[in-house]
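First comes the structure, then the notes that go with it.
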Amino acid sequence: MAEGVSRAERMKILKRDTLARKVEELERIIDFLRSKSDNEATTVLAKLRLGDRVEDVAKLLPAASPSAGLLKPPK
């Protein structure tokens with residue numbers, strides 16, 4: 001972190017980075033659920049329902065494609 005940045009500003013940056021990482025993890029899971037077979041999606045949902053952490057499940061999945069996301073225009 002750059003010198004001269006206040007503690008409050010560091011906390012804001014840390015929170016922003018944490019939220020950005022969480023959004024990426026959730027997008028990865030949603031992309032997987034949308035694009036894979038019912039069996040594969042069910043397995044991932046079961047992991048989440050049984051208490052696996054979102055970040056742990058997301059690490060097991062391929063990275064979300066750049067075209068995936070909520071702002072995708074409807075067909």
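By convention in this document, the chains of the structure tokens carry letters A, B, ... by their order, each chain's residues are numbered from 1, and ligands are numbered from 1 in the order they are shown.
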
| What's the 6 Å shell around Ile29 of chain A, counting only C-alpha atoms, without same-chain residues fewer than 3 positions away, as an NGL selection string? | :A and (26 or 32 or 58)

Limited to C-alpha atoms, could you put the picked residues into a file as a short mmCIF file (atom, residue, chain, number, x, y, z; two decimals), in the first residue's frame?
```
data_model
loop_
_atom_site.label_atom_id
_atom_site.label_comp_id
_atom_site.auth_asym_id
_atom_site.auth_seq_id
_atom_site.Cartn_x
_atom_site.Cartn_y
_atom_site.Cartn_z
CA LEU A 26 -20.12 -15.71 -6.99
CA PHE A 32 -20.86 -22.75 -13.81
CA ALA A 58 -15.29 -21.19 -6.42
#
```

Could you give me, as a VMD selection string, each residue of chain A that DSSP assigns to helix (DSSP H, G or I) when run on this structure's backbone?
chain A and resid 7 to 35 38 to 49 54 to 60

| task | Figure out the distance between atom CA of Pro62 of chain A and atom CA of Leu50 of chain A, please, to one decimal in Å. | result |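 For atom CA of Leu50 of chain A relative to atom CA of Pro62 of chain A, the distance reads 21.0 Å.
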
Exercise. What is the distance, in Å and to one decimal place, between atom CA of Lys12 of chain A and atom CA of Ile30 of chain A?
Worked result: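 Calculated distance between atom CA of Lys12 of chain A and atom CA of Ile30 of chain A is 26.8 Å.
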
Atom pair atom CA of Leu60 of chain A / atom CA of Lys36 of chain A: separation (Å):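 Taking atom CA of Leu60 of chain A and atom CA of Lys36 of chain A, their separation equals 13.9 Å.
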
*asked:* Using only C-alpha atoms for the distances, tell me which of A:Asp17, A:Glu3, A:Glu9, A:Lys22 is nearest to Glu55 of chain A.
replied: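 Among the listed residues, the smallest separation from Glu55 of chain A belongs to A:Lys22.
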